[in-house]
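Visitor: For reference, this is coords_24.cif, and it has mmCIF, C-alpha atoms and all ligand atoms.
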data_structure
loop_
_atom_site.group_PDB
_atom_site.id
_atom_site.type_symbol
_atom_site.label_atom_id
_atom_site.label_comp_id
_atom_site.auth_asym_id
_atom_site.auth_seq_id
_atom_site.Cartn_x
_atom_site.Cartn_y
_atom_site.Cartn_z
ATOM 1 C CA MET A 1 -12.893 -18.125 -2.619
ATOM 2 C CA SER A 2 -9.304 -18.168 -3.869
ATOM 3 C CA GLY A 3 -7.049 -16.708 -6.550
ATOM 4 C CA PRO A 4 -3.782 -17.556 -8.372
ATOM 5 C CA ASN A 5 -2.101 -20.652 -6.826
ATOM 6 C CA GLY A 6 -5.017 -21.076 -4.408
ATOM 7 C CA ARG A 7 -4.275 -17.819 -2.612
ATOM 8 C CA PRO A 8 -6.947 -16.811 -0.058
ATOM 9 C CA SER A 9 -9.053 -13.793 -1.067
ATOM 10 C CA ILE A 10 -9.167 -12.280 2.434
ATOM 11 C CA VAL A 11 -6.578 -12.060 5.244
ATOM 12 C CA GLY A 12 -6.618 -11.263 8.977
ATOM 13 C CA GLN A 13 -9.198 -11.722 11.736
ATOM 14 C CA ASN A 14 -12.652 -10.143 11.307
ATOM 15 C CA THR A 15 -12.078 -8.145 14.508
ATOM 16 C CA GLY A 16 -9.316 -5.990 12.975
ATOM 17 C CA PRO A 17 -5.538 -5.592 12.784
ATOM 18 C CA GLU A 18 -3.420 -7.603 15.240
ATOM 19 C CA ALA A 19 -0.029 -6.719 16.803
ATOM 20 C CA PRO A 20 2.401 -5.459 15.550
ATOM 21 C CA TYR A 21 -0.114 -3.709 13.256
ATOM 22 C CA PRO A 22 -0.985 -1.001 12.563
ATOM 23 C CA LEU A 23 2.484 0.204 11.588
ATOM 24 C CA THR A 24 3.062 3.709 10.251
ATOM 25 C CA MET A 25 5.363 5.355 7.773
ATOM 26 C CA GLU A 26 5.388 8.780 6.101
ATOM 27 C CA GLY A 27 7.334 10.959 3.703
ATOM 28 C CA LYS A 28 7.313 12.776 0.394
ATOM 29 C CA VAL A 29 6.457 10.846 -2.763
ATOM 30 C CA ILE A 30 9.626 10.416 -4.847
ATOM 31 C CA SER A 31 10.300 9.121 -8.350
ATOM 32 C CA GLY A 32 10.693 5.353 -8.556
ATOM 33 C CA PHE A 33 12.518 3.213 -11.053
ATOM 34 C CA GLY A 34 10.509 4.543 -14.004
ATOM 35 C CA ARG A 35 9.673 1.040 -15.192
ATOM 36 C CA GLY A 36 6.288 1.968 -16.495
ATOM 37 C CA SER A 37 4.213 0.569 -13.649
ATOM 38 C CA LYS A 38 1.667 3.111 -14.800
ATOM 39 C CA GLU A 39 1.483 1.509 -18.241
ATOM 40 C CA LEU A 40 0.694 -1.795 -16.505
ATOM 41 C CA GLY A 41 -2.224 -0.080 -14.768
ATOM 42 C CA ILE A 42 -0.446 -0.302 -11.404
ATOM 43 C CA PRO A 43 1.255 3.047 -10.716
ATOM 44 C CA THR A 44 3.160 2.981 -7.420
ATOM 45 C CA ALA A 45 3.946 6.051 -5.359
ATOM 46 C CA ASN A 46 7.437 5.513 -3.929
ATOM 47 C CA LEU A 47 8.549 6.641 -0.463
ATOM 48 C CA PRO A 48 12.164 6.851 0.697
ATOM 49 C CA VAL A 49 13.162 3.910 2.909
ATOM 50 C CA ASP A 50 14.626 5.730 5.910
ATOM 51 C CA GLU A 51 15.487 3.487 8.867
ATOM 52 C CA LYS A 52 15.936 6.492 11.161
ATOM 53 C CA ALA A 53 12.424 7.828 10.538
ATOM 54 C CA THR A 54 10.909 4.315 10.314
ATOM 55 C CA PRO A 55 12.785 1.991 12.704
ATOM 56 C CA TRP A 56 10.466 -1.008 12.248
ATOM 57 C CA ILE A 57 11.283 -1.230 8.536
ATOM 58 C CA ALA A 58 14.796 -2.589 9.182
ATOM 59 C CA ASP A 59 13.304 -5.831 10.539
ATOM 60 C CA ALA A 60 10.155 -5.980 8.414
ATOM 61 C CA LYS A 61 10.081 -8.903 6.046
ATOM 62 C CA SER A 62 9.989 -8.139 2.360
ATOM 63 C CA GLY A 63 6.584 -8.600 0.836
ATOM 64 C CA VAL A 64 3.155 -7.168 0.223
ATOM 65 C CA TYR A 65 1.309 -5.161 2.880
ATOM 66 C CA PHE A 66 -2.074 -3.395 2.864
ATOM 67 C CA GLY A 67 -3.932 -0.669 4.699
ATOM 68 C CA TYR A 68 -4.666 3.014 4.209
ATOM 69 C CA ALA A 69 -2.721 5.899 2.691
ATOM 70 C CA SER A 70 -3.398 9.587 3.208
ATOM 71 C CA LEU A 71 -2.261 12.339 0.869
ATOM 72 C CA LEU A 72 -1.814 16.051 1.290
ATOM 73 C CA THR A 73 -1.533 17.531 -2.194
ATOM 74 C CA PRO A 74 -0.742 21.197 -2.961
ATOM 75 C CA ALA A 75 -4.334 21.710 -4.152
ATOM 76 C CA ALA A 76 -5.837 20.501 -0.843
ATOM 77 C CA THR A 77 -5.989 21.799 2.712
ATOM 78 C CA ASP A 78 -6.604 18.448 4.446
ATOM 79 C CA PHE A 79 -5.310 14.904 4.136
ATOM 80 C CA LYS A 80 -7.539 12.558 2.126
ATOM 81 C CA VAL A 81 -7.635 8.843 2.957
ATOM 82 C CA TYR A 82 -7.540 5.947 0.454
ATOM 83 C CA PRO A 83 -7.152 2.145 0.608
ATOM 84 C CA MET A 84 -3.703 1.021 -0.492
ATOM 85 C CA VAL A 85 -1.599 -2.059 -1.190
ATOM 86 C CA MET A 86 2.184 -1.855 -1.113
ATOM 87 C CA SER A 87 5.416 -3.675 -1.690
ATOM 88 C CA ILE A 88 8.434 -3.443 0.602
ATOM 89 C CA GLY A 89 11.461 -5.225 -0.782
ATOM 90 C CA TYR A 90 13.967 -5.815 -3.529
ATOM 91 C CA ASN A 91 11.548 -6.714 -6.347
ATOM 92 C CA PRO A 92 13.326 -9.990 -7.266
ATOM 93 C CA PHE A 93 11.672 -9.881 -10.702
ATOM 94 C CA TYR A 94 13.815 -6.795 -11.385
ATOM 95 C CA LYS A 95 16.749 -7.760 -9.121
ATOM 96 C CA ASN A 96 16.992 -4.426 -7.288
ATOM 97 C CA THR A 97 19.933 -3.964 -4.933
ATOM 98 C CA VAL A 98 18.245 -1.391 -2.687
ATOM 99 C CA ARG A 99 15.043 -1.928 -0.780
ATOM 100 C CA SER A 100 12.066 0.099 -1.965
ATOM 101 C CA ALA A 101 8.672 0.963 -0.540
ATOM 102 C CA GLU A 102 6.038 1.508 -3.215
ATOM 103 C CA VAL A 103 2.338 2.093 -2.747
ATOM 104 C CA HIS A 104 -0.506 1.450 -5.153
ATOM 105 C CA ILE A 105 -3.532 3.484 -4.112
ATOM 106 C CA LEU A 106 -6.912 1.962 -4.997
ATOM 107 C CA HIS A 107 -8.265 5.093 -6.645
ATOM 108 C CA SER A 108 -8.108 6.541 -10.136
ATOM 109 C CA PHE A 109 -6.324 9.926 -10.014
ATOM 110 C CA GLU A 110 -6.640 12.713 -12.598
ATOM 111 C CA GLN A 111 -3.090 13.890 -11.894
ATOM 112 C CA ASP A 112 0.233 12.661 -10.559
ATOM 113 C CA PHE A 113 1.155 13.635 -7.000
ATOM 114 C CA TYR A 114 4.939 13.551 -6.865
ATOM 115 C CA ASP A 115 6.217 15.552 -3.859
ATOM 116 C CA ALA A 116 2.928 15.235 -1.956
ATOM 117 C CA HIS A 117 3.175 14.232 1.712
ATOM 118 C CA MET A 118 1.975 10.644 2.080
ATOM 119 C CA ARG A 119 1.209 8.794 5.308
ATOM 120 C CA LEU A 120 0.667 5.039 5.545
ATOM 121 C CA LEU A 121 -1.265 3.115 8.161
ATOM 122 C CA ILE A 122 -0.253 -0.470 7.429
ATOM 123 C CA THR A 123 -2.859 -2.852 8.820
ATOM 124 C CA GLY A 124 -1.526 -6.245 7.744
ATOM 125 C CA PHE A 125 0.642 -8.511 5.610
ATOM 126 C CA ILE A 126 -0.596 -10.307 2.492
ATOM 127 C CA ARG A 127 2.310 -12.396 1.156
ATOM 128 C CA GLU A 128 6.048 -12.674 0.712
ATOM 129 C CA GLU A 129 7.707 -11.154 -2.302
ATOM 130 C CA LYS A 130 8.333 -13.538 -5.209
ATOM 131 C CA ASP A 131 10.318 -13.857 -8.378
ATOM 132 C CA TYR A 132 8.249 -14.511 -11.528
ATOM 133 C CA LYS A 133 8.721 -16.237 -14.872
ATOM 134 C CA SER A 134 6.823 -13.499 -16.664
ATOM 135 C CA LEU A 135 5.607 -9.953 -16.210
ATOM 136 C CA GLU A 136 2.048 -11.253 -16.778
ATOM 137 C CA ALA A 137 2.333 -13.566 -13.757
ATOM 138 C CA LEU A 138 3.624 -10.670 -11.608
ATOM 139 C CA VAL A 139 0.766 -8.420 -12.725
ATOM 140 C CA GLU A 140 -1.794 -11.188 -12.084
ATOM 141 C CA ASP A 141 -0.564 -11.570 -8.500
ATOM 142 C CA ILE A 142 -0.551 -7.782 -7.920
ATOM 143 C CA ASN A 143 -4.108 -7.517 -9.227
ATOM 144 C CA PHE A 144 -5.134 -10.258 -6.815
ATOM 145 C CA ASP A 145 -3.360 -8.372 -4.000
ATOM 146 C CA CYS A 146 -5.765 -5.485 -4.784
ATOM 147 C CA THR A 147 -8.754 -7.848 -4.457
ATOM 148 C CA VAL A 148 -7.453 -9.195 -1.139
ATOM 149 C CA THR A 149 -7.015 -5.611 0.084
ATOM 150 C CA LYS A 150 -10.576 -4.573 -0.816
ATOM 151 C CA ASN A 151 -12.090 -7.701 0.767
ATOM 152 C CA SER A 152 -9.987 -7.474 3.904
ATOM 153 C CA LEU A 153 -10.644 -3.772 4.562
ATOM 154 C CA ASP A 154 -14.385 -4.149 3.917
ATOM 155 C CA ARG A 155 -15.128 -5.287 7.489
ATOM 156 C CA GLN A 156 -16.259 -3.392 10.569
ATOM 157 C CA GLY A 157 -12.951 -3.919 12.396
ATOM 158 C CA TRP A 158 -10.962 -2.603 9.428
ATOM 159 C CA ARG A 159 -13.056 0.391 8.325
ATOM 160 C CA PRO A 160 -12.088 3.815 9.709
ATOM 161 C CA LYS A 161 -13.919 5.337 12.634
ATOM 162 C CA GLY A 162 -15.141 8.883 12.002
ATOM 163 C CA VAL A 163 -13.021 9.479 8.892
ATOM 164 C CA GLU A 164 -14.293 9.123 5.315
ATOM 165 C CA VAL A 165 -12.313 7.010 2.846
ATOM 166 C CA VAL A 166 -12.369 8.363 -0.726
ATOM 167 C CA ASP A 167 -14.752 6.111 -2.776
ATOM 168 C CA GLY A 168 -15.654 4.442 0.550
ATOM 169 C CA LYS A 169 -18.930 3.440 2.162
ATOM 170 C CA GLY A 170 -18.960 5.606 5.272
ATOM 171 C CA ALA A 171 -17.051 6.279 8.472
ATOM 172 C CA ASP A 172 -18.847 3.719 10.651
ATOM 173 C CA GLY A 173 -15.940 1.337 11.310
ATOM 174 C CA ASP A 174 -13.904 0.603 14.432
ATOM 175 C CA LEU A 175 -10.382 1.428 13.208
ATOM 176 C CA ASP A 176 -8.577 4.443 14.667
ATOM 177 C CA VAL A 177 -7.020 6.298 11.722
ATOM 178 C CA ALA A 178 -6.733 9.734 13.390
ATOM 179 C CA TRP A 179 -2.972 9.911 12.732
ATOM 180 C CA LEU A 180 -3.596 9.781 8.961
ATOM 181 C CA VAL A 181 -5.515 13.068 8.956
ATOM 182 C CA LYS A 182 -3.635 14.934 11.699
ATOM 183 C CA PRO A 183 -2.469 18.329 10.305
ATOM 184 C CA LEU A 184 1.227 18.459 9.338
HETATM 185 P P1 LIG B 201 7.712 5.903 -10.640
HETATM 186 O O1 LIG B 201 8.695 4.928 -11.211
HETATM 187 O O2 LIG B 201 8.200 7.329 -10.682
HETATM 188 O O3 LIG B 201 7.256 5.532 -9.253
HETATM 189 P P2 LIG B 201 5.108 4.957 -11.585
HETATM 190 O O4 LIG B 201 4.812 4.510 -12.989
HETATM 191 O O5 LIG B 201 5.173 3.920 -10.509
HETATM 192 O O6 LIG B 201 6.444 5.830 -11.635
HETATM 193 O O7 LIG B 201 4.000 6.055 -11.241
HETATM 194 C C1 LIG B 201 3.946 6.535 -9.923
HETATM 195 C C2 LIG B 201 3.296 7.900 -9.816
HETATM 196 O O8 LIG B 201 1.988 7.877 -10.406
HETATM 197 C C3 LIG B 201 3.083 8.271 -8.366
HETATM 198 O O9 LIG B 201 4.221 8.901 -7.795
HETATM 199 C C4 LIG B 201 1.870 9.215 -8.439
HETATM 200 O O10 LIG B 201 2.310 10.560 -8.636
HETATM 201 C C5 LIG B 201 1.117 8.744 -9.694
HETATM 202 N N1 LIG B 201 -0.121 7.972 -9.425
HETATM 203 C C6 LIG B 201 -1.268 8.152 -10.122
HETATM 204 N N2 LIG B 201 -2.227 7.311 -9.702
HETATM 205 C C7 LIG B 201 -1.677 6.555 -8.699
HETATM 206 C C8 LIG B 201 -2.187 5.504 -7.846
HETATM 207 N N3 LIG B 201 -3.463 5.065 -7.964
HETATM 208 N N4 LIG B 201 -1.357 4.968 -6.930
HETATM 209 C C9 LIG B 201 -0.089 5.397 -6.819
HETATM 210 N N5 LIG B 201 0.453 6.382 -7.590
HETATM 211 C C10 LIG B 201 -0.317 6.972 -8.533
HETATM 212 N N1 LIG B 202 7.960 -7.202 -7.405
HETATM 213 C C1 LIG B 202 8.501 -8.438 -7.366
HETATM 214 O O1 LIG B 202 9.576 -8.660 -7.927
HETATM 215 N N2 LIG B 202 7.893 -9.455 -6.687
HETATM 216 C C2 LIG B 202 6.715 -9.300 -6.051
HETATM 217 O O2 LIG B 202 6.208 -10.253 -5.452
HETATM 218 C C3 LIG B 202 6.089 -8.001 -6.097
HETATM 219 N N3 LIG B 202 4.890 -7.778 -5.497
HETATM 220 C C4 LIG B 202 4.307 -6.539 -5.576
HETATM 221 C C5 LIG B 202 3.056 -6.339 -4.994
HETATM 222 C C6 LIG B 202 2.440 -5.082 -5.064
HETATM 223 C C7 LIG B 202 1.094 -4.891 -4.434
HETATM 224 C C8 LIG B 202 3.095 -4.010 -5.723
HETATM 225 C C9 LIG B 202 2.452 -2.657 -5.804
HETATM 226 C C10 LIG B 202 4.335 -4.212 -6.313
HETATM 227 C C11 LIG B 202 4.961 -5.469 -6.251
HETATM 228 N N4 LIG B 202 6.201 -5.711 -6.830
HETATM 229 C C12 LIG B 202 6.765 -6.964 -6.785
HETATM 230 C C13 LIG B 202 6.958 -4.594 -7.403
HETATM 231 C C14 LIG B 202 6.818 -4.511 -8.906
HETATM 232 O O3 LIG B 202 7.876 -5.264 -9.480
HETATM 233 C C15 LIG B 202 6.944 -3.043 -9.304
HETATM 234 O O4 LIG B 202 5.858 -2.310 -8.800
HETATM 235 C C16 LIG B 202 7.074 -2.892 -10.777
HETATM 236 O O5 LIG B 202 7.393 -1.568 -11.045
HETATM 237 C C17 LIG B 202 5.810 -3.302 -11.541
HETATM 238 O O6 LIG B 202 6.085 -3.138 -12.898
HETATM 239 MG MG MG B 203 6.567 3.626 -8.618
#
Mind converting the file's structure to structure tokens?
Guide:
Amino acid sequence: MSGPNGRPSIVGQNTGPEAPYPLTMEGKVISGFGRGSKELGIPTANLPVDEKATPWIADAKSGVYFGYASLLTPAATDFKVYPMVMSIGYNPFYKNTVRSAEVHILHSFEQDFYDAHMRLLITGFIREEKDYKSLEALVEDINFDCTVTKNSLDRQGWRPKGVEVVDGKGADGDLDVAWLVKPL
């Protein structure tokens, strides 16, 4: 199975994430560039890129990563865990001059969650960041990134152990995600 430009529809070994993954990152959800990602159907929760709090990010290549996000919202007492796909980079399509980290969570939310504490367990890399001729081509690739994420995480070695994923199929996997739900 493949997608746009023959891209593979699944990434990584069946046995689970390989070094240097999983990588972690956390912070409060901030406002992004306000470019209407939401109108495209791909809202992205932005985190500050802080090289002191997240040393590995200085050397991480720009591109698309996937894994799990957890959120602690004011309405909740515990972190909830969701699958996510994210971009780290300069968004060449928009020619940004500062590096951003933005996370699309694979869940339909009733409300925004600006200011919520978000943790990321990044389990792998999908592709390098690209420039595009059109917004449609960018959106097509992002939608395929979501498909790759779902397929890749839907394996024993990539499903959480003992922690439920929202909209998920159970907590019977092998992946240690304890950090995601550790109280603040
Ligand atoms: P901004 O430019 O401020 O980042 P976006 O259009 O990217 O605006 O929308 C991002 C906001 O939408 C997030 O901060 C979050 O509060 C909300 N949101 C709602 N659903 C999602 C989702 N599935 N994934 C990420 N963010 C979401
Ligand atoms: N922007 C780019 O310029 N090039 C990319 O290859 C790219 N890939 C992305 C992949 C994902 C999964 C996400 C969530 C965003 C990506 N972006 C990319 C950022 C995109 O330009 C940004 O989210 C816009 O706000 C979408 O309108
Ligand atoms: Mg955003």
Visitor: Any idea what's packed within 7 Å of segment 84-97 of chain A, counting only C-alpha atoms, ignoring anything in its chain fewer than 5 positions away? Could you give it as a list of chain:residue names?
Guide: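 Non-adjacent residues within range: A:Ser62, A:Gly63, A:Val64, A:Tyr65, A:Phe66, A:Gly67, A:Tyr68, A:Ala69, A:Glu102, A:Val103, A:His104, A:Ile105, A:Leu106, A:Lys130, A:Asp131, A:Tyr132, A:Cys146, A:Thr149.
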Visitor: How many Å lie between atom N3 of ligand LIG 201 (chain B) and atom CA of Gly34 of chain A, rounded to one decimal?
Guide: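 Computing the Euclidean distance for atom N3 of ligand LIG 201 (chain B) and atom CA of Gly34 of chain A yields 15.2 Å.
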Visitor: Give as a CSV table (one decimal) with C-alpha atoms, keeping the file's coordinate frame the residues that the PyMOL selection byres (((chain A and resi 37) around 12) and not hetatm) matches when applied to the coordinates above.
Guide:
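The new file part-v7.csv reads:
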chain,number,residue,atom,x,y,z
A,31,SER,CA,10.3,9.1,-8.4
A,32,GLY,CA,10.7,5.4,-8.6
A,33,PHE,CA,12.5,3.2,-11.1
A,34,GLY,CA,10.5,4.5,-14.0
A,35,ARG,CA,9.7,1.0,-15.2
A,36,GLY,CA,6.3,2.0,-16.5
A,38,LYS,CA,1.7,3.1,-14.8
A,39,GLU,CA,1.5,1.5,-18.2
A,40,LEU,CA,0.7,-1.8,-16.5
A,41,GLY,CA,-2.2,-0.1,-14.8
A,42,ILE,CA,-0.4,-0.3,-11.4
A,43,PRO,CA,1.3,3.0,-10.7
A,44,THR,CA,3.2,3.0,-7.4
A,45,ALA,CA,3.9,6.1,-5.4
A,46,ASN,CA,7.4,5.5,-3.9
A,102,GLU,CA,6.0,1.5,-3.2
A,103,VAL,CA,2.3,2.1,-2.7
A,104,HIS,CA,-0.5,1.4,-5.2
A,135,LEU,CA,5.6,-10.0,-16.2
A,138,LEU,CA,3.6,-10.7,-11.6
A,139,VAL,CA,0.8,-8.4,-12.7
A,142,ILE,CA,-0.6,-7.8,-7.9
Visitor: Nearest to ligand LIG 201 (chain B): which of A:Tyr82, A:Phe144, A:Trp56, A:Tyr114 is it, counting all atoms listed in the file?
Guide: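 Residue with the minimum atom-to-atom distance to ligand LIG 201 (chain B): A:Tyr114.
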Visitor: Edge lengths and centre in Å to one decimal, as AutoDock Vina command-line options, of the axis-aligned box that encloses all listed atoms of segment 145-159 of chain A with 6 Å added on every side?
Guide:
--center_x -9.8 --center_y -4.4 --center_z 3.8 --size_x 24.9 --size_y 21.6 --size_z 29.2
Visitor: Find the residues near Val166 of chain A: any atom within 8 Å, counting only C-alpha atoms, skip ones fewer than 4 places away on the same chain, and give them as a list in words.
Guide: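 The residues satisfying every condition are Lys80, Val81, Tyr82 and His107 of chain A.
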Visitor: Using only C-alpha atoms and all ligand atoms, which of the listed residues (A:Met118, A:Val165, A:Ala58, A:Ala19) sits closest to ligand LIG 201 (chain B)?
Guide: A:Met118
Visitor: Quick check on the file I pasted: which residues fall under the PyMOL selection byres (((chain A and resi 173-183) around 12) and not hetatm)? Write them as a PyMOL selection string.
Guide: chain A and resi 14-18+21-26+67-72+76-83+117-123+153-165+168-172+184
Visitor: What residues come out when you apply the PyMOL selection byres (((chain A and resi 3) around 12) and not hetatm) to this file, written as a list in words?
Guide: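 Applying the PyMOL selection byres (((chain A and resi 3) around 12) and not hetatm) to the structure shown produces Met1, Ser2, Pro4, Asn5, Gly6, Arg7, Pro8, Ser9, Ile10, Glu140, Asp141, Ile142, Asn143, Phe144, Asp145, Cys146, Thr147 and Val148 of chain A.
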Visitor: Would you mind exporting the chosen residues as an mmCIF file, keeping the file's coordinate frame, restricted to C-alpha atoms?
Guide:
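Okay, selection18.cif is ready:
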data_model
loop_
_atom_site.group_PDB
_atom_site.id
_atom_site.type_symbol
_atom_site.label_atom_id
_atom_site.label_comp_id
_atom_site.auth_asym_id
_atom_site.auth_seq_id
_atom_site.Cartn_x
_atom_site.Cartn_y
_atom_site.Cartn_z
ATOM 1 C CA MET A 1 -12.893 -18.125 -2.619
ATOM 2 C CA SER A 2 -9.304 -18.168 -3.869
ATOM 3 C CA PRO A 4 -3.782 -17.556 -8.372
ATOM 4 C CA ASN A 5 -2.101 -20.652 -6.826
ATOM 5 C CA GLY A 6 -5.017 -21.076 -4.408
ATOM 6 C CA ARG A 7 -4.275 -17.819 -2.612
ATOM 7 C CA PRO A 8 -6.947 -16.811 -0.058
ATOM 8 C CA SER A 9 -9.053 -13.793 -1.067
ATOM 9 C CA ILE A 10 -9.167 -12.280 2.434
ATOM 10 C CA GLU A 140 -1.794 -11.188 -12.084
ATOM 11 C CA ASP A 141 -0.564 -11.570 -8.500
ATOM 12 C CA ILE A 142 -0.551 -7.782 -7.920
ATOM 13 C CA ASN A 143 -4.108 -7.517 -9.227
ATOM 14 C CA PHE A 144 -5.134 -10.258 -6.815
ATOM 15 C CA ASP A 145 -3.360 -8.372 -4.000
ATOM 16 C CA CYS A 146 -5.765 -5.485 -4.784
ATOM 17 C CA THR A 147 -8.754 -7.848 -4.457
ATOM 18 C CA VAL A 148 -7.453 -9.195 -1.139
#
Visitor: As an exercise, work out the distance from atom CA of Pro74 of chain A to atom O1 of ligand LIG 201 (chain B) in Å and give it to one decimal place.
Guide: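 Taking atom CA of Pro74 of chain A and atom O1 of ligand LIG 201 (chain B), their separation equals 20.5 Å.
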Visitor: Suppose you want the space between atom CA of Pro20 of chain A and atom C2 of ligand LIG 202 (chain B); what is it in Å?
Guide: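 Result for atom CA of Pro20 of chain A versus atom C2 of ligand LIG 202 (chain B): 22.4 Å, one decimal.
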Visitor: Please determine, counting all atoms listed in the file, which residue among A:Ala53, A:Val11, A:Ala60, A:Val29 has the shortest atom-to-atom distance to Arg99 of chain A.
Guide: A:Ala60
